[in-house]
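Colleague: Submitted below is the structure of interest, expressed as structure tokens.
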Amino acid sequence: DGGITQSPKYLFRKEGQNVTLSCEQNLNHDAMYWYRQDPGQGLRLIYYSQIVNDFQKGDIAEGYSVSREKKESFPLTVTSAQKNPTAFYLCASTAGRTNEKLFFGSGTQLSVL
Amino acid sequence: DAKTTQPNSMESNEEEPVHLPCNHSTISGTDYIHWYRQLPSQGPEYVIHGLTSNVNNRMASLAIAEDRKSSTLILHRATLRDAAVYYCILRDPYSGNTGKLIFGQGTTLQVKP
């Protein structure tokens, strides 16, 4: 079945450590997104990519980095510069510039030790 | 970017219809109106979308005002499984910013047995 897979489901970060969240899709989608969700809050856009080897900052990109070397993969690195990383992270994809719906992964819960 | 405004929370009784409103007064002529819902600790899932005409699918109906400045998601018979956060977002497939999809805080729907 086609879909979007995030791993791991739970992740713990030590202070000063960089951690990478994985997002893979086999839907042949051009566009991929990373959102952050804090408890009781909506989704805030971190980064998005509309095509391989290109990505743009969202509203809260500071302390995060991404890469888009392959169409199916869009990993998110939470760097040590992100001082409050505890949150639920969601990856999404869509076919891109046509009017297509978003598909979301099941999320990664990141906590600080 | 065009924004949407939704009530923070709504309540419904089981088996009764639910009307979830969304205001989007700055909507452009090519913006599609999309609705997603999110269950606790899960990624959002697509519900329905439309441009000008009212739309129906197996999950819900979408009623769009004639001036397109507002829309209403209709759940015809609420069940306990419909308790979720519902997000209304705008998507413009022809805009240069088509990738920057902004989610608000959504409406938390409670369904009472």
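Quick note on naming: the chains in the structure tokens go A, B, ... in the order shown, residues restart at 1 in each chain, and ligands are numbered from 1 in order of appearance.
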Would you mind listing, for every residue of chain A within 7 Å of chain B, the two atoms forming the shortest contact and the distance between them in Å to one decimal, using only C-alpha atoms, sorted by chain and ascending residue number, as JSON lines?
Modeller:
{"residue": "A:Gln41", "atom": "CA", "partner": "B:Gln105", "partner_atom": "CA", "distance": 5.8}
{"residue": "A:Gly42", "atom": "CA", "partner": "B:Gln105", "partner_atom": "CA", "distance": 4.0}
{"residue": "A:Leu43", "atom": "CA", "partner": "B:Phe103", "partner_atom": "CA", "distance": 5.6}
{"residue": "A:Arg44", "atom": "CA", "partner": "B:Phe103", "partner_atom": "CA", "distance": 6.8}
{"residue": "A:Leu45", "atom": "CA", "partner": "B:Ile102", "partner_atom": "CA", "distance": 6.9}
{"residue": "A:Tyr48", "atom": "CA", "partner": "B:Gly99", "partner_atom": "CA", "distance": 6.8}
{"residue": "A:Gln50", "atom": "CA", "partner": "B:Gly99", "partner_atom": "CA", "distance": 6.4}
{"residue": "A:Leu90", "atom": "CA", "partner": "B:Gly43", "partner_atom": "CA", "distance": 6.6}
{"residue": "A:Arg97", "atom": "CA", "partner": "B:Pro93", "partner_atom": "CA", "distance": 5.1}
{"residue": "A:Thr98", "atom": "CA", "partner": "B:Pro93", "partner_atom": "CA", "distance": 5.3}
{"residue": "A:Asn99", "atom": "CA", "partner": "B:Pro93", "partner_atom": "CA", "distance": 5.5}
{"residue": "A:Lys101", "atom": "CA", "partner": "B:Tyr46", "partner_atom": "CA", "distance": 6.7}
{"residue": "A:Leu102", "atom": "CA", "partner": "B:Tyr46", "partner_atom": "CA", "distance": 6.8}
{"residue": "A:Phe103", "atom": "CA", "partner": "B:Glu45", "partner_atom": "CA", "distance": 6.9}
{"residue": "A:Phe104", "atom": "CA", "partner": "B:Gly43", "partner_atom": "CA", "distance": 5.5}
{"residue": "A:Gly105", "atom": "CA", "partner": "B:Gly43", "partner_atom": "CA", "distance": 5.7}
{"residue": "A:Ser106", "atom": "CA", "partner": "B:Gly43", "partner_atom": "CA", "distance": 4.8}
{"residue": "A:Gly107", "atom": "CA", "partner": "B:Gly43", "partner_atom": "CA", "distance": 6.0}
Colleague: Near Ala63 in chain B, within 8 Å and counting only C-alpha atoms, which residues show up once chain neighbours fewer than 4 positions away are dropped, as a PyMOL selection string?
Modeller: chain B and resi 53-55+71-74
Colleague: I'd like the neighbourhood of range 64-76 of chain A as a compact mmCIF listing (two decimals) with N, CA and C atoms, in the first residue's frame, where a residue qualifies if any of its atoms comes within 6 Å (using only C-alpha atoms), though same-chain residues fewer than 6 positions away should be ignored.
Modeller:
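And here is the file that came out, out37.txt:
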# COMPACT_ATOMS: atom_id res chain seq x y z
N THR A 20 17.84 13.17 14.10
CA THR A 20 17.22 13.21 12.78
C THR A 20 15.97 12.36 12.76
N LEU A 21 14.88 12.96 12.26
CA LEU A 21 13.60 12.29 12.12
C LEU A 21 13.45 11.89 10.64
N SER A 22 13.02 10.67 10.45
CA SER A 22 12.90 10.15 9.08
C SER A 22 11.48 10.31 8.55
N CYS A 23 11.38 10.61 7.25
CA CYS A 23 10.09 10.66 6.57
C CYS A 23 10.28 10.10 5.16
N GLU A 24 9.55 9.04 4.86
CA GLU A 24 9.66 8.39 3.55
C GLU A 24 8.26 8.22 2.97
N GLN A 25 8.12 8.47 1.66
CA GLN A 25 6.83 8.26 1.01
C GLN A 25 7.02 7.50 -0.30
N VAL A 52 12.83 17.86 -5.70
CA VAL A 52 14.11 17.34 -5.23
C VAL A 52 15.19 18.42 -5.29
N ASN A 53 16.06 18.41 -4.27
CA ASN A 53 17.18 19.35 -4.16
C ASN A 53 16.75 20.80 -3.97
Colleague: Between CA of Pro39 in chain A and CA of Thr86 in chain A, what is the distance, to one decimal in Å?
Modeller: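 These atoms are spaced 9.8 Å apart.
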Colleague: Identify all residues of chain A in strand (DSSP E) (DSSP on the backbone) and supply them as a ChimeraX atom specification.
Modeller: /A:4-7,10-13,19-25,31-37,43-51,54-57,64-66,76-78,87-94,103-104,108-112
Colleague: In Å, rounded to a single decimal, give me how far CA of Val111 in chain B is from CA of His76 in chain B.
Modeller: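 Computing the Euclidean distance for CA of His76 in chain B and CA of Val111 in chain B yields 12.9 Å.
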Colleague: With distances taken over only C-alpha atoms, which residue among B:Gln38, B:Gln110, B:Asn23, B:Asn56 lies nearest Arg68 in chain B?
Modeller: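 Using only C-alpha atoms, Arg68 in chain B sits closest to B:Asn23.
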Colleague: Using only C-alpha atoms, determine which residues lie at most 9 Å from Pro85 in chain A, disregarding the query and same-chain residues fewer than 4 positions distant; provide the list as a ChimeraX atom specification.
Modeller: /A:13,63,78-80,110-112
Colleague: Would you mind listing what lies within 8 Å of Tyr47 in chain A as a PyMOL selection string, with only C-alpha atoms counted and same-chain residues fewer than 6 positions away left out?
Modeller: chain A and resi 33-35+55-61+66
Colleague: For the selection you just gave me, I'd like the residues written to a file as a tab-separated table (two decimals), in the first residue's frame, keeping all heavy atoms.
Modeller:
chain	number	residue	atom	x	y	z
A	33	TYR	N	6.44	18.10	3.44
A	33	TYR	CA	6.36	19.13	4.47
A	33	TYR	C	6.71	18.56	5.84
A	33	TYR	O	6.48	17.39	6.11
A	33	TYR	CB	4.91	19.67	4.57
A	33	TYR	CG	4.30	20.09	3.27
A	33	TYR	CD1	3.74	19.16	2.41
A	33	TYR	CD2	4.26	21.44	2.92
A	33	TYR	CE1	3.18	19.55	1.21
A	33	TYR	CE2	3.69	21.83	1.73
A	33	TYR	CZ	3.15	20.88	0.88
A	33	TYR	OH	2.59	21.28	-0.31
A	34	TRP	N	7.23	19.43	6.70
A	34	TRP	CA	7.40	19.11	8.11
A	34	TRP	C	6.64	20.14	8.94
A	34	TRP	O	6.79	21.36	8.74
A	34	TRP	CB	8.87	19.13	8.52
A	34	TRP	CG	9.57	17.83	8.27
A	34	TRP	CD1	10.47	17.56	7.29
A	34	TRP	CD2	9.45	16.63	9.04
A	34	TRP	NE1	10.90	16.26	7.38
A	34	TRP	CE2	10.29	15.67	8.45
A	34	TRP	CE3	8.70	16.27	10.17
A	34	TRP	CZ2	10.42	14.37	8.94
A	34	TRP	CZ3	8.82	14.99	10.65
A	34	TRP	CH2	9.68	14.05	10.04
A	35	TYR	N	5.83	19.61	9.89
A	35	TYR	CA	5.09	20.46	10.81
A	35	TYR	C	5.47	20.08	12.24
A	35	TYR	O	5.78	18.93	12.53
A	35	TYR	CB	3.58	20.27	10.65
A	35	TYR	CG	3.01	20.80	9.36
A	35	TYR	CD1	2.91	19.98	8.24
A	35	TYR	CD2	2.57	22.12	9.26
A	35	TYR	CE1	2.38	20.47	7.06
A	35	TYR	CE2	2.05	22.61	8.08
A	35	TYR	CZ	1.96	21.78	6.99
A	35	TYR	OH	1.44	22.26	5.81
A	55	PHE	N	14.26	23.31	-1.14
A	55	PHE	CA	13.36	23.39	0.00
A	55	PHE	C	13.31	24.83	0.48
A	55	PHE	O	14.21	25.64	0.19
A	55	PHE	CB	13.78	22.45	1.14
A	55	PHE	CG	15.24	22.52	1.52
A	55	PHE	CD1	15.71	23.49	2.37
A	55	PHE	CD2	16.13	21.58	1.02
A	55	PHE	CE1	17.05	23.54	2.72
A	55	PHE	CE2	17.47	21.62	1.36
A	55	PHE	CZ	17.94	22.60	2.21
A	56	GLN	N	12.24	25.16	1.19
A	56	GLN	CA	12.03	26.52	1.70
A	56	GLN	C	11.73	26.49	3.18
A	56	GLN	O	11.13	25.51	3.68
A	56	GLN	CB	10.87	27.21	0.97
A	56	GLN	CG	11.15	27.61	-0.45
A	56	GLN	CD	11.04	26.45	-1.42
A	56	GLN	OE1	10.15	25.63	-1.29
A	56	GLN	NE2	11.94	26.39	-2.37
A	57	LYS	N	12.09	27.56	3.86
A	57	LYS	CA	11.76	27.69	5.28
A	57	LYS	C	10.28	27.97	5.45
A	57	LYS	O	9.67	28.70	4.67
A	57	LYS	CB	12.57	28.82	5.90
A	57	LYS	CG	14.06	28.55	5.98
A	57	LYS	CD	14.78	29.72	6.64
A	57	LYS	CE	16.28	29.44	6.73
A	57	LYS	NZ	17.01	30.55	7.38
A	58	GLY	N	9.74	27.38	6.52
A	58	GLY	CA	8.39	27.70	6.92
A	58	GLY	C	8.41	28.81	7.96
A	58	GLY	O	9.32	29.64	7.98
A	59	ASP	N	7.45	28.78	8.86
A	59	ASP	CA	7.33	29.85	9.85
A	59	ASP	C	8.26	29.70	11.06
A	59	ASP	O	8.53	30.66	11.75
A	59	ASP	CB	5.89	29.93	10.35
A	59	ASP	CG	4.93	30.28	9.22
A	59	ASP	OD1	5.30	31.12	8.37
A	59	ASP	OD2	3.83	29.71	9.16
A	60	ILE	N	8.72	28.46	11.32
A	60	ILE	CA	9.53	28.23	12.53
A	60	ILE	C	10.76	27.39	12.20
A	60	ILE	O	11.06	26.40	12.85
A	60	ILE	CB	8.70	27.57	13.65
A	60	ILE	CG1	8.05	26.27	13.16
A	60	ILE	CG2	7.62	28.51	14.17
A	60	ILE	CD1	7.52	25.40	14.28
A	61	ALA	N	11.55	27.78	11.21
A	61	ALA	CA	12.67	26.98	10.73
A	61	ALA	C	13.91	27.03	11.63
A	61	ALA	O	14.78	26.16	11.53
A	61	ALA	CB	13.03	27.41	9.33
A	66	VAL	N	16.92	20.50	6.94
A	66	VAL	CA	16.35	19.42	6.12
A	66	VAL	C	17.24	19.18	4.91
A	66	VAL	O	18.12	19.98	4.59
A	66	VAL	CB	14.92	19.74	5.65
A	66	VAL	CG1	13.94	19.80	6.81
A	66	VAL	CG2	14.90	21.03	4.84
Colleague: Nearest residue to Thr94 in chain A out of A:Asn18, A:Thr108, A:Asn26, A:Gln82, using only C-alpha atoms?
Modeller: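 Smallest distance to Thr94 in chain A is found for A:Asn26.
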Colleague: Please compute the CA of Ala95 in chain A-CA of Asp54 in chain A distance, one decimal, in Å.
Modeller: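 Here the two named atoms are 15.4 Å from each other.
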Colleague: Fewer than 6 positions away in the same chain doesn't count, so skip those; otherwise give me all residues within 6 Å of Met32 in chain A, counting only C-alpha atoms, as a PDB file with N, CA and C atoms, in the first residue's frame.
Modeller:
ATOM      1  N   TYR A  48       9.399  23.085   3.944  1.00  0.00           N
ATOM      2  CA  TYR A  48       8.711  22.351   2.903  1.00  0.00           C
ATOM      3  C   TYR A  48       9.572  22.295   1.656  1.00  0.00           C
ATOM      4  N   SER A  49       9.295  21.296   0.845  1.00  0.00           N
ATOM      5  CA  SER A  49      10.056  21.069  -0.378  1.00  0.00           C
ATOM      6  C   SER A  49       9.081  20.738  -1.493  1.00  0.00           C
ATOM      7  N   ALA A  92       4.274  15.411   5.915  1.00  0.00           N
ATOM      8  CA  ALA A  92       3.163  15.287   4.975  1.00  0.00           C
ATOM      9  C   ALA A  92       3.687  15.360   3.549  1.00  0.00           C
ATOM     10  N   SER A  93       2.888  14.863   2.619  1.00  0.00           N
ATOM     11  CA  SER A  93       3.265  14.970   1.218  1.00  0.00           C
ATOM     12  C   SER A  93       2.021  15.187   0.369  1.00  0.00           C
TER      13      SER A  93
END
